[in-house]
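Enquirer: Take a look at the following structure, please.
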Amino acid sequence: MAAKKSSKRTGSAKEKKENAGKAPVAEKKFDFASVEKKWQSEWEKAGVFKTEENSKKPKIYVLEMFPYPSGSGLHMGHTLNYTIGDVFARFKRMNGFNVLYPMGYDAFGLPAENAAIKAGVHPKKYTEESIQTFMKQQKGLGLSYDWSKLLATCNPDYYKWNQYFFLKFFEKGLAYRKKAAVNWCPDCETVLANEQVHSGKCWRHEETDVEIRHLEQWFLKTTSYSDELLECIPKLQWPARIKSIQENWIGKSFGTEILFEINGKKWPIFTTRPDTIFGVTFMVVSAQHPRLNGLVTAAQKREVDDFLRKIKSTSEKDTTELEKEGAFTGSYATNPLTNENVPIYAGNFVVADYGSGMVMAVPAHDQRDFEFAKKYNIPVKVVIQPKGKNISAELIGEAFVDEGVLVNSTKFSGLESKKSIEEITEHLEKIGLGKKTVNYKFRDWLISRQRYWGTPIPVVYCEKCGIVPVPEKDLPVLLPEKVEFGKGNPLLSNKEFVNVKCPKCGGTSRRETDTMDTFFDSSWYFLRYCDNKNSKVPFDKKKIEYWMPVDQYIGGAEHACMHLIYARFFTKALRDLGFVSFDEPFTKLFNQGMLHGSDGHVMSKSRGNIVLPEEVSKKYGIDTARLFLLSQAAPDKDMGWKEEGIEGSLRAVMKIVSYFENPRPGKSSRKIESKIHRAIRNITSDIENFRYNFAIINLRKLFDAIEGEEKVSKEHLEIFLKLLHPICPHITEELWRAIGNKALVASEKWPECDAKLIDENLERIEAAVSSLRLDILRIKELAKLEKVSKVRIFVAQEWKWKALKIIVSVCDGRPDFGAAMKALMADPEIKQHSSEIQPFIKGALSRLGELSMLEKFDEVSVLKEAAPVLEKEFGKIEIMKSEESAEPKARNAFPGKPALIIE
RNA sequence: GCACGGGUUGGGGAGCGGUCAAACCCGCCAGGCUUAGGACCUGGUCGCUUAGUGCGUUCGGCGGUUCGAGUCCGCCCCCGUGCACCA
């Protein structure tokens with residue numbers, strides 16, 4: 001099929017090429033592969049993508065989220081992602097910026113380890129090979145990375161600094177170890193951070209329920225930055241969606257902490273509804289609460305244990321539908337304002353580590369509490385009445401949760417609930433039994449993992465000294481290669497690694513075998529790029545100060561409350577440790593859309609719907625693929641990959657290539673000059689604002705205009721190639737050379753728009769020409785005229801123009817028939833046409849907006865310029881005033897809408 | 001349940017409250033050119049019209065604001081995403 005196709009693809013295009021004495025492009029197709037290779041190596045030779053040291057240019061740091069190097073390599077989805085950044089980086093480079101555009105690999109992680117278990121390959125080998133594949137593919141895409149900045153997080157010269165930062169955090173108390181109810185994924189065989197649990201499932205295993213286990217683990221004190229992380233969000237130039245996800249994730253809520261007395265001890269209870277405190281009839285403590293046991297009396301132990309066993313077997317299923325359940329603990333709490341004793345239940349609907357893990361239950365005014373109370377026959381006490389209504393505990397079928405007026409609340413009765421929140425809180429503060437407080441959903445980041453392929457946590461456990469950090473001089477704690485994969489943490493199988501002497505006392509001690517969450521690695525990699533070869537310190541502060549923060553970050557929205565929050569935390573923590581002096585790592589963030597495969601699902605290896613860039617490249621050339629991907633939609637929108645569409649992009653590329661094979665150099669017309677400068681202006685702002693799809697439309701329009709010209713100057717052709725270069729880097733280099741240039745487009749200066757050369761009038765004339773021409777042709781066809789010998793164009797009578805101006809000015813954007821009529825009748829010249837005035841005003845009022853634009857140009861002069869262009873084709877063209885015509889249709893010519901008579 | 005996106009002409013996808021029947025691409029139709037081809041060129045592609053730059057009807061549904069609404073507001077329906085028993 002293919003061979004037949006290409007042999008047939010000859011014809012007129014071929015003849016043209018042969019006349020020019022050149023190889024027929026269309027026939028040979030175009031050797032994209034060798035052109036791509038050639039320019040990729042030229043770029044490398046010239047080092048055009050290297051950042052400059054001590055540059056006077058303004059800096060810009062363009063960064064894509066670095067990939068996890070999986071064995072399956074890149075697909076078109078990645079291609080889209082990196083192309084978006086590459087276009088931007090090339091554009092900025094040409095605009096005179098010193099651009100840092102690096103690439104690296106998030107090389108630690110579970111998939112490598114799992115592959116090792118499955119295929120018997122060592123994770124190190126697996127990862128190294130994957131990285132090689134990725135690099136080769138990325139180079140094949142023509143991405144303009146400065147490869148000298150390369151890093152991989154699994155190299156000791158990188159993870160050494162993970163350990164170094166860990167120790168710094170440990171010193172400051174930002175890294176700590178505690179026993180807690182943590183998330184455990186039985187498939188990953190490790191604990192997970194809260195951010196890695198999605199709706200009760202593991203982020204890597206959609207099918208796997210996460211279990212709650214009580215384990216001692218390492219945490220980073222991310223919560224000490226909760227407030228700052230939240231407060232800085234409005235300042236970020238990030239997509240609103242990501243900002244809102246982060247705000248929700250941090251989940252700040254204002255409320256009151258009330259001290260209830262339980263077994264002689266004060267328990268702080270967090271609530272947003274202190275106004276309902278007189279309605280508390282019981283308390284519920286989380287079934288996962290670490291202090292639950294202390295509340296259970298001997299008599300109730302059995303009941304509570306039964307309950308705990310029951311929820312363990314059902315709790316992970318259908319969290320949405322879960323019925324509220326619980327068991328009485330046997331303990332009571334004393335309400336500080338009523339001195340009533342209320343029973344404490346253990347319940348499945350209370351979160352252990354939000355607030356204090358126990359809630360005061362007000363069944364009359366909280367739906368969950370209501371359901372629970374009904375189930376266990378606990379009294380319901382109404383303390384807030386809706387305005388103008390009277391509800392009673394016996395009759396309500398659901399909790400009344402809205403605002404109202406307090407009742408049964410001692411001296412607070414009669415207050416509006418909103419007001420009483422303040423008053424009750426104040427009262428509690430006065431008597432020392434409560435205070436205003438804030439609560440966050442955000443929790444500390446659990447960073448230890450019971451897996452092999454990660455950064456060893458630099459700590460040993462000494463029998464005498466307890467937790468002892470590894471001294472800085474002994475870093476890095478190397479990850480041993482010799483381990484056995486299978487059950488449990490492979491690191492435990494290496495005795496030399498595990499059994500060490502205590503750095504403090506020299507006594508027997510055991511090395512920590514947990515490794516760090518890989519999100520630790522990715523929380524500061526953007527800093528390391530700035531100084532990736534430094535072996536003395538994690539990075540030179542001066543270099544960081546020059547390059548950071550990242551000006552433009554590009555990546556997927558799935559990292560909204562994982563990587564993007566961790567990196568922000570890390571930056572703030574490093575700032576407070578004196579490593580950096582800025583507050584936020586990423587000034588601007590762009591979320592690229594997801595590429596969907598032909599089955600409509602997001603393109604991914606596991607779905608089996610991936611399209612490989614190599615294959616597309618081979619068929620269409622990578623520039624064509626880039627053009628196609630970016631022209632489909634705005635780059636932040638999801639889009640589908642469809643093979644059919646790319647043919648159109650190939651056509652466009654081939655048209656451009658053919659044109660440049662046989663250019664027609666000469667002096668450009670004013671018209672094309674105007675168009676070029678308009679295009680410069682538009683395309684510059686399109687790329688700047690990631691409106692690549694519009695940039696491509698403008699490029700195509702510009703090319704159509706160039707192609708239609710008899711002659712175009714070399715300078716203008718060069719401008720076109722420069723404008724196209726960020727999107728189609730390879731072919732533009734090839735064509736740049738073809739029209740006689742030596743240097744590389746990649747290092748050329750971006751063209752500047754000379755606004756003076758944009759000629760609105762000329763473009764109006766052109767538009768008039770083409771619309772006139774079409775009208776004439778259409779009329780000719782409809783009238784079945786053999787030939788057009790004469791065209792008469794009738795333009796509106798002058799009084800109509802005058803009247804129009806009056807109407808536009810009188811009405812000031814708002815149709816006002818009366819005012820318009822009055823104004824027109826006041827003008828003696830217009831008054832002569834009184835019979836036509838009324839319909840004219842109606843017409844004008846109905847298109848007021850359009851007409852106020854029309855006012856700006858002179859119909860007659862535009863047509864006078866337009867007509868001669870068409871005379872060659874249609875013979876004599878006359879322009880005349882409507883009143884000179886006897887034809888009623890022509891007489892009705894409206895301003896801006898000329899009438900035609902053709903003979 | 002809460003929050004955020006989105007529903008536009010055959011498909012993809014644009015659309016500062018007036019210049020918008022709605023960019024651009026694909027598809028489709030007609031014509032041209034032809035070593036008759038899924039190449040290239042030109043035009044068309046909501047309906048009705050037609051010597052029109054004419055009329056009508058449209059932008060998930062229903063209301064509202066406005067002289068004027070895909071465009072703003074309210075409610076509803078559908079699709080997608082995030083969080084989810086957060087007290």
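Identifiers in this document derive from the order of the structure tokens: chains are assigned A, B, ..., residues are numbered from 1 separately in each chain, and ligands are numbered from 1 in order of occurrence.
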In stretch 339-395 of chain A, what's strand (DSSP E) per DSSP? Answer as an NGL selection string?

Expert: :A and (341-347 or 358-361 or 384-385)

Enquirer: Those same residues, written as an mmCIF file, in the first residue's frame with all heavy atoms?

Expert:
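Written file, part-v1.cif:
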```cif
data_model
loop_
_atom_site.group_PDB
_atom_site.id
_atom_site.type_symbol
_atom_site.label_atom_id
_atom_site.label_comp_id
_atom_site.auth_asym_id
_atom_site.auth_seq_id
_atom_site.Cartn_x
_atom_site.Cartn_y
_atom_site.Cartn_z
ATOM 1 N N ASN A 341 -22.624 14.299 83.069
ATOM 2 C CA ASN A 341 -21.757 13.214 82.635
ATOM 3 C C ASN A 341 -22.395 12.534 81.444
ATOM 4 O O ASN A 341 -23.550 12.119 81.509
ATOM 5 C CB ASN A 341 -21.570 12.197 83.760
ATOM 6 C CG ASN A 341 -20.529 12.687 84.746
ATOM 7 O OD1 ASN A 341 -19.598 13.395 84.359
ATOM 8 N ND2 ASN A 341 -20.698 12.333 86.008
ATOM 9 N N VAL A 342 -21.642 12.462 80.370
ATOM 10 C CA VAL A 342 -22.193 11.791 79.185
ATOM 11 C C VAL A 342 -21.319 10.598 78.839
ATOM 12 O O VAL A 342 -20.103 10.627 79.047
ATOM 13 C CB VAL A 342 -22.304 12.764 77.988
ATOM 14 C CG1 VAL A 342 -23.347 13.829 78.262
ATOM 15 C CG2 VAL A 342 -20.961 13.384 77.657
ATOM 16 N N PRO A 343 -21.936 9.554 78.309
ATOM 17 C CA PRO A 343 -21.164 8.352 77.997
ATOM 18 C C PRO A 343 -20.227 8.541 76.809
ATOM 19 O O PRO A 343 -20.519 9.304 75.886
ATOM 20 C CB PRO A 343 -22.258 7.326 77.667
ATOM 21 C CG PRO A 343 -23.422 8.139 77.224
ATOM 22 C CD PRO A 343 -23.372 9.420 78.015
ATOM 23 N N ILE A 344 -19.103 7.850 76.860
ATOM 24 C CA ILE A 344 -18.154 7.900 75.742
ATOM 25 C C ILE A 344 -18.253 6.595 74.957
ATOM 26 O O ILE A 344 -18.136 5.513 75.528
ATOM 27 C CB ILE A 344 -16.715 8.061 76.248
ATOM 28 C CG1 ILE A 344 -16.577 9.349 77.069
ATOM 29 C CG2 ILE A 344 -15.737 8.083 75.064
ATOM 30 C CD1 ILE A 344 -15.228 9.496 77.748
ATOM 31 N N TYR A 345 -18.497 6.730 73.665
ATOM 32 C CA TYR A 345 -18.552 5.570 72.781
ATOM 33 C C TYR A 345 -17.287 5.539 71.931
ATOM 34 O O TYR A 345 -16.684 6.574 71.643
ATOM 35 C CB TYR A 345 -19.768 5.663 71.850
ATOM 36 C CG TYR A 345 -21.083 5.332 72.516
ATOM 37 C CD1 TYR A 345 -21.677 6.224 73.409
ATOM 38 C CD2 TYR A 345 -21.719 4.119 72.258
ATOM 39 C CE1 TYR A 345 -22.878 5.911 74.028
ATOM 40 C CE2 TYR A 345 -22.921 3.809 72.861
ATOM 41 C CZ TYR A 345 -23.502 4.700 73.752
ATOM 42 O OH TYR A 345 -24.689 4.385 74.354
ATOM 43 N N ALA A 346 -16.917 4.341 71.512
ATOM 44 C CA ALA A 346 -15.911 4.236 70.454
ATOM 45 C C ALA A 346 -16.702 4.156 69.166
ATOM 46 O O ALA A 346 -17.715 3.464 69.117
ATOM 47 C CB ALA A 346 -15.077 2.978 70.641
ATOM 48 N N GLY A 347 -16.263 4.887 68.135
ATOM 49 C CA GLY A 347 -17.065 4.905 66.916
ATOM 50 C C GLY A 347 -16.217 4.799 65.659
ATOM 51 O O GLY A 347 -15.042 5.145 65.670
ATOM 52 N N MET A 358 -11.510 12.743 69.225
ATOM 53 C CA MET A 358 -12.770 12.490 69.924
ATOM 54 C C MET A 358 -13.683 13.670 69.628
ATOM 55 O O MET A 358 -13.225 14.799 69.515
ATOM 56 C CB MET A 358 -12.559 12.373 71.441
ATOM 57 C CG MET A 358 -13.786 11.812 72.150
ATOM 58 S SD MET A 358 -13.725 11.887 73.952
ATOM 59 C CE MET A 358 -12.342 10.871 74.359
ATOM 60 N N VAL A 359 -14.966 13.381 69.468
ATOM 61 C CA VAL A 359 -15.900 14.483 69.227
ATOM 62 C C VAL A 359 -16.952 14.528 70.316
ATOM 63 O O VAL A 359 -17.282 13.512 70.927
ATOM 64 C CB VAL A 359 -16.614 14.354 67.862
ATOM 65 C CG1 VAL A 359 -15.614 14.442 66.728
ATOM 66 C CG2 VAL A 359 -17.412 13.060 67.764
ATOM 67 N N MET A 360 -17.460 15.744 70.531
ATOM 68 C CA MET A 360 -18.643 15.861 71.375
ATOM 69 C C MET A 360 -19.826 15.682 70.436
ATOM 70 O O MET A 360 -19.884 16.270 69.369
ATOM 71 C CB MET A 360 -18.679 17.230 72.068
ATOM 72 C CG MET A 360 -18.626 18.433 71.137
ATOM 73 S SD MET A 360 -18.762 19.997 72.034
ATOM 74 C CE MET A 360 -20.033 20.833 71.074
ATOM 75 N N ALA A 361 -20.724 14.803 70.794
ATOM 76 C CA ALA A 361 -21.811 14.474 69.888
ATOM 77 C C ALA A 361 -23.079 15.204 70.282
ATOM 78 O O ALA A 361 -23.492 15.170 71.442
ATOM 79 C CB ALA A 361 -22.044 12.970 69.885
ATOM 80 N N ILE A 384 -31.082 24.313 69.679
ATOM 81 C CA ILE A 384 -31.218 25.408 68.725
ATOM 82 C C ILE A 384 -32.532 25.252 67.980
ATOM 83 O O ILE A 384 -32.844 24.180 67.468
ATOM 84 C CB ILE A 384 -30.044 25.414 67.716
ATOM 85 C CG1 ILE A 384 -28.748 25.736 68.467
ATOM 86 C CG2 ILE A 384 -30.277 26.455 66.612
ATOM 87 C CD1 ILE A 384 -27.520 25.641 67.634
ATOM 88 N N GLN A 385 -33.301 26.337 68.000
ATOM 89 C CA GLN A 385 -34.570 26.325 67.296
ATOM 90 C C GLN A 385 -34.454 27.149 66.029
ATOM 91 O O GLN A 385 -33.882 28.238 66.041
ATOM 92 C CB GLN A 385 -35.676 26.945 68.174
ATOM 93 C CG GLN A 385 -36.091 26.115 69.362
ATOM 94 C CD GLN A 385 -36.906 24.876 68.967
ATOM 95 O OE1 GLN A 385 -37.118 24.605 67.791
ATOM 96 N NE2 GLN A 385 -37.344 24.128 69.969
#
```

Enquirer: With only C-alpha atoms (C1' of nucleotides) as the counted atoms, please give the residues lying no more than 10 Å from stretch 3-10 of chain B, apart from itself and same-chain residues fewer than 4 positions off, as a PyMOL selection string.

Expert: (chain A and resi 240-242+244-245+248) or (chain B and resi 14-15+21-22+27-28+45-46+58-60+70+78-83)

Enquirer: Determine the nearest neighbour of chain B from the options A:Ser356, A:Asn499, A:Ser668, A:Ser55, counting only C-alpha atoms (C1' of nucleotides).

Expert: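 Under the stated criterion, the closest residue is A:Ser356.
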
Enquirer: Using DSSP on the backbone coordinates, identify the residues of stretch 15-175 of chain A assigned to helix (DSSP H, G or I); present them as a count of residues only.

Expert: 86

Enquirer: Residues within 12 Å of B:G63, please, as a VMD selection string. Count only C-alpha atoms (C1' of nucleotides); anything in the same chain fewer than 5 positions from it doesn't count.

Expert: chain B and resid 73 to 76

Enquirer: Keeping only C-alpha atoms (C1' of nucleotides), write the selected residues to a file as a compact mmCIF listing (two decimals), in the first residue's frame.

Expert:
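Written file, selection_37.txt:
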```txt
# COMPACT_ATOMS: atom_id res chain seq x y z
C1' C B 73 -26.54 35.66 37.52
C1' G B 74 -29.92 31.70 39.75
C1' C B 75 -31.85 26.85 39.62
C1' C B 76 -31.85 22.01 37.18
```

Enquirer: Using only C-alpha atoms (C1' of nucleotides), can you tell me which of B:C25, B:C55, B:A36, B:C16 comes closest to chain A?

Expert: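 Counting only C-alpha atoms (C1' of nucleotides), the residue closest to chain A is B:C25.
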
Enquirer: Taking only C-alpha atoms (C1' of nucleotides) into account, find every residue of chain B that has an atom no more than 8 Å from chain A, and write it out as a list in words.

Expert: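 Therefore, the residues near the partner are A3, C4, G5, G12, G13, G18, U19, C24, C25, C26, U34, U35, G37, A39, C40, A51, U53, C67, G82, C83, A84, C85, C86 and A87 of chain B.
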